Each structure stands twice: as C-alpha cells, then as structure tokens.
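Enquirer: Dropping the structure in here first, questions after.
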Amino acid sequence: MKLVGQLTKEFFGGEVWVLRTDDGATYQLSGSIPSKLENRRVRVSARPSEASFGFSMVGQILDVRRIAEA
C-alpha cells in the first residue's frame, strides 16, 4: 500500500512513529525510519504488519518498505 501524510514521533510509554494521512487515517509505522523525516510530509510504501496490535493502539501497524520526503 502507498500512503502520503505527516510523520510524527509520539510517546505512549515509548517512542512510536505515527503517520497521519491526508484523508485522516492514522497508522503506527514499524521498521527503519530515518529520524530526519520527523515532522515531515512523507510518502510511504508499506504492508500491514503481522503483529495484531501495539501497546500504543494508535492505529493499524504497517511494516515500512520505503519511506521518503514527499
């Protein structure tokens, strides 16, 4: 799946990468994410994670395949 939105790092008992898309959906991102992209608009290529849920319960967990500034 390909998504575009705002990338933020949030704290829910630990650091969690969160993507808020233009249509209002929220996803928790998993994988290698460069810290220089924090608070940037990004384009993400990802797939749903096999993990059923995270402790933060921000939204569906996605395994990032590629991420870049949009």
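The chains in the structure tokens are called A, B, ... from first to last as shown; in each chain the residues are counted from 1, and the ligands are counted from 1 in the order shown.
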Determine which residues of chain A DSSP labels as strand (DSSP E or B) from the backbone of this structure, then write them out as a ChimeraX atom specification.
Expert: /A:2-11,15-21,26-30,41-48,60-69
Enquirer: What's around Arg40 of chain A at 7 Å? Count only C-alpha atoms, leave out sequence neighbours fewer than 4 positions away in its own chain, and write the answer as a PyMOL selection string.
Expert: chain A and resi 6-7+69
Enquirer: Take the residues from that selection and write them out as a CSV table (one decimal), in the first residue's frame, keeping C-alpha atoms.
Expert:
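Saved result, again05.csv, follows:
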```csv
chain,number,residue,atom,x,y,z
A,6,GLN,CA,2.6,13.8,8.1
A,7,LEU,CA,5.1,11.7,10.1
A,69,GLU,CA,10.0,13.0,1.9
```
Enquirer: Skip Val18 of chain A itself and residues of its chain fewer than 6 positions away, then list as a list in words all residues within 10 Å of it, counting only C-alpha atoms.
Expert: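 Answer for this query is Gly5, Gln6, Leu7, Thr8, Lys9, Glu10, Phe11, Thr26, Tyr27, Gln28, Leu29, Ser30, Glu38, Asn39, Val58, Gly59, Ile61 and Leu62 of chain A.
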Enquirer: From the options A:Ala68, A:Met57, A:Thr21, A:Phe12, which residue's atoms come nearest to Arg43 of chain A, counting only C-alpha atoms?
Expert: A:Ala68
Enquirer: Work out how far apart atom CA of Ser35 of chain A and atom CA of Arg20 of chain A are and give it in Å to one decimal.
Expert: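 The value is 16.6 Å.
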Enquirer: Restricting the calculation to only C-alpha atoms, which member of A:Lys2, A:Arg41, A:Lys36, A:Arg47 is positioned closest to Gln60 of chain A?
Expert: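 Closest to Gln60 of chain A of all the choices is A:Arg47.
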Enquirer: Just give me the gap between atom CA of Ile33 of chain A and atom CA of Val64 of chain A in Å, one decimal is fine.
Expert: 8.0 Å
Enquirer: Expressed in Å to a single decimal, how great is the separation between atom CA of Leu37 of chain A and atom CA of Ala70 of chain A?
Expert: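 Atom CA of Leu37 of chain A sits 10.0 Å away from atom CA of Ala70 of chain A.
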